[in-house]
Amino acid sequence: MSSSNRTNIPNSLNEHWMPFTDNKAFKKNPRLITDAKGVYLTNHQGKKMIDASSGLFCNPLGHGRKEITEAVSKQLEKLDYCQPFNQGYGGSFELATRIAKKTPEGINRIFYTICGSTAVETAIKIAIAYHRAKGDSKRFRFVGRERGYHGMNIGATTVGGMINNVKTFASVLMPGVQHMRHTHLPEHKFVKGQPDTGVEMAEDLERIAMNFGGENIAACIVEPIAGSTGTLVPPKGYLKRIREICDKHGILLIFDEVITGWGRTGSAFASQEFGVTPDMITMAKATTNGVIPMGIVAVKEEMYDAVLDSSKNPEGTPELFHGYTYSGIPAAVAAGLAVQDIFDKEDIFNRAKEMSPYFQDGLHSLKDLKEVVSIRGYGMMGGVEMRMKDKPGKSGFQTFKHCYDAGVNFKNTGDTLIIAPQFICEKKHIDEIIEKLRTGISNYSKS
Ligand SMILES: Cc1ncc(COP(=O)(O)O)c(C=O)c1O
């Protein structure tokens, strides 16, 4: 296959070891996407499908946005790369200022990374660096949560809580990490929005602090809404209680908003939606509408000041020995700035907020389907859980395949279908997603 013809089935599928994929099954029966426009994808068989998960929560503004591709292409012609260490270019500062206007008050220092995993890894390091800067070097412990997903580097894997992601790598994980229980209780099965019960699950943090010494814990990291495990919405009052316990023990709170950031809940960040302010926010995915990798850690100004003020290094030596070759590279920044323009011009977060009741009603209308055992959701994200068949993940993947054939694309995690429409969806698109989900799920049930 020539380099200009990358849309058909390649001559060999063997060499590419695909991520998070059943390589053997995929290569026997590949699903290749060749085109994407607006809310639709086309596969290599020419079949058009509606994108019901915004890629991997990446493209809320729709595919093929001209404003973004043009901005990136213009940037690449003018300045394709410049090293980000002790040098820079104006765009990354401009983007940081724009982002800091949308993050919660006081969380206004922006560290660029490459993706969500590196954002989480960076937040872990910043937590340690901050405590050391304050003369508190004994804090080395971190607290995560069962069913959490924070990415795939060692730190991020350790604080995550999805069993398949950790069991192979247990021997190399970070020491000193404890997990709170997840918040999904049996009575939350078909709850729309925040469950009324379960606030007491936050007391797990207090218990960990009692067992390991709150004074030894550097930070607690949670996704405000657990996304990859299939949308676990926090019980009412839960995040507020987590914040209170962190404050009591001097533990930093990190909200991993790689999914919930940039409007997924109907507010810019879940932090604002739920009225709880963390010390750091990680983000990625929608920051560039998914077109160029970029991750970010937004940090409290006071923490940035503490790390900079404590440095006794000679001029030219970093205050924080951390960064990436691709931290805030021009093409990613150009995409990020174009995305910010669209957020503002199209009032995107309010658009998501206005569409979410319609989407949630649609999603919950699938409750009558025989094999559906739970539906939950918030804003423009939701999870539809299928009845488990002999082994976890089997029914989820079979349902995904039937839905793909029915013309709706998304990702399944285990037995849960992850549904996260683009914010540019109109009601007719939501209707199409729900209708095709119904067809796909029903066909799976009959199979
Ligand atoms: C909450 C959360 N954090 C971190 C990550 C890791 O992001 P990436 O795959 O860009 O490294 C993800 C990815 O899905 C995520 O959902």
# chains A, B, ... in the order shown; residues from 1 in each chain; ligands from 1
>>> residues_near_ligand(ligand="ligand 1", cutoff="9 Å", atoms="only C-alpha atoms and all ligand atoms", output="MDAnalysis selection string")
chainID A and resid 56:57 114:120 148:153 156 160 222:229 255:260 282:285 293:295
>>> closest_residue(among="A:Ala219, A:Gly55, A:Gly230, A:Gly263", to="Ile245 in chain A", atoms="only C-alpha atoms")
A:Ala219
>>> closest_residue(among="A:Ala420, A:Ala96, A:Leu79, A:Cys403", to="Gln340 in chain A", atoms="only C-alpha atoms")
A:Ala96
>>> closest_residue(among="A:Val297, A:Ala218, A:Val177, A:Ile329", to="Gln87 in chain A", atoms="only C-alpha atoms")
A:Ile329
>>> residues_around(residues="range 27-29 of chain A", least_positions_apart="2", cutoff="8 Å", atoms="only C-alpha atoms", output="ChimeraX atom specification")
/A:13-14,23-25,31
>>> residues_around(residues="Glu301 in chain A", least_positions_apart="5", cutoff="9 Å", atoms="only C-alpha atoms", output="number ranges by chain")
A: 106-109, 306
>>> residues_around(residues="His188 in chain A", least_positions_apart="5", cutoff="10 Å", atoms="only C-alpha atoms", output="MDAnalysis selection string")
chainID A and resid 183 193:198 232:233 235 374:376
>>> select_by_dssp(residues="range 277-306 of chain A", states="alpha helix (DSSP H)", output="list in words")
Glu301, Glu302, Met303, Tyr304, Asp305 and Ala306 of chain A
>>> write_last_selection(atoms="C-alpha atoms", output="PDB file, in the first residue's frame")
ATOM      1  CA  GLU A 301      -1.070  29.025  42.070  1.00  0.00           C
ATOM      2  CA  GLU A 302       0.059  28.615  45.670  1.00  0.00           C
ATOM      3  CA  MET A 303       1.594  25.224  44.856  1.00  0.00           C
ATOM      4  CA  TYR A 304       3.462  26.588  41.849  1.00  0.00           C
ATOM      5  CA  ASP A 305       4.758  29.457  43.982  1.00  0.00           C
ATOM      6  CA  ALA A 306       5.896  27.082  46.722  1.00  0.00           C
TER       7      ALA A 306
END
>>> atom_distance(atom1="CA of Ser356 in chain A", atom2="CA of Ile50 in chain A")
17.6 Å
>>> closest_residue(among="A:Ile128, A:Cys220, A:Ala352, A:Cys58", to="Ala268 in chain A", atoms="only C-alpha atoms")
A:Ala352
>>> closest_residue(among="A:Thr21, A:Ser137, A:Asn409, A:Ser53", to="Glu215 in chain A", atoms="only C-alpha atoms")
A:Ser137
>>> residues_around(residues="range 343-347 of chain A", least_positions_apart="6", cutoff="12 Å", atoms="only C-alpha atoms", output="PyMOL selection string")
chain A and resi 60-61+67-68+98-99+101-102+262-263+266-268+286-289+336-337+353-354+423-424
>>> closest_residue(among="A:Glu371, A:Glu273, A:Asp279, A:Glu385", to="Phe349 in chain A", atoms="only C-alpha atoms")
A:Glu273
>>> residues_around(residues="Asn412 in chain A", least_positions_apart="6", cutoff="7 Å", atoms="only C-alpha atoms", output="ChimeraX atom specification")
/A:396-397,400,418
>>> atom_distance(atom1="CA of Ile9 in chain A", atom2="CA of Val291 in chain A")
22.3 Å
>>> atom_distance(atom1="CA of Ile217 in chain A", atom2="CA of Phe140 in chain A")
5.9 Å
>>> select_by_dssp(residues="range 93-131 of chain A", states="strand (DSSP E)", output="number ranges by chain")
A: 107-113
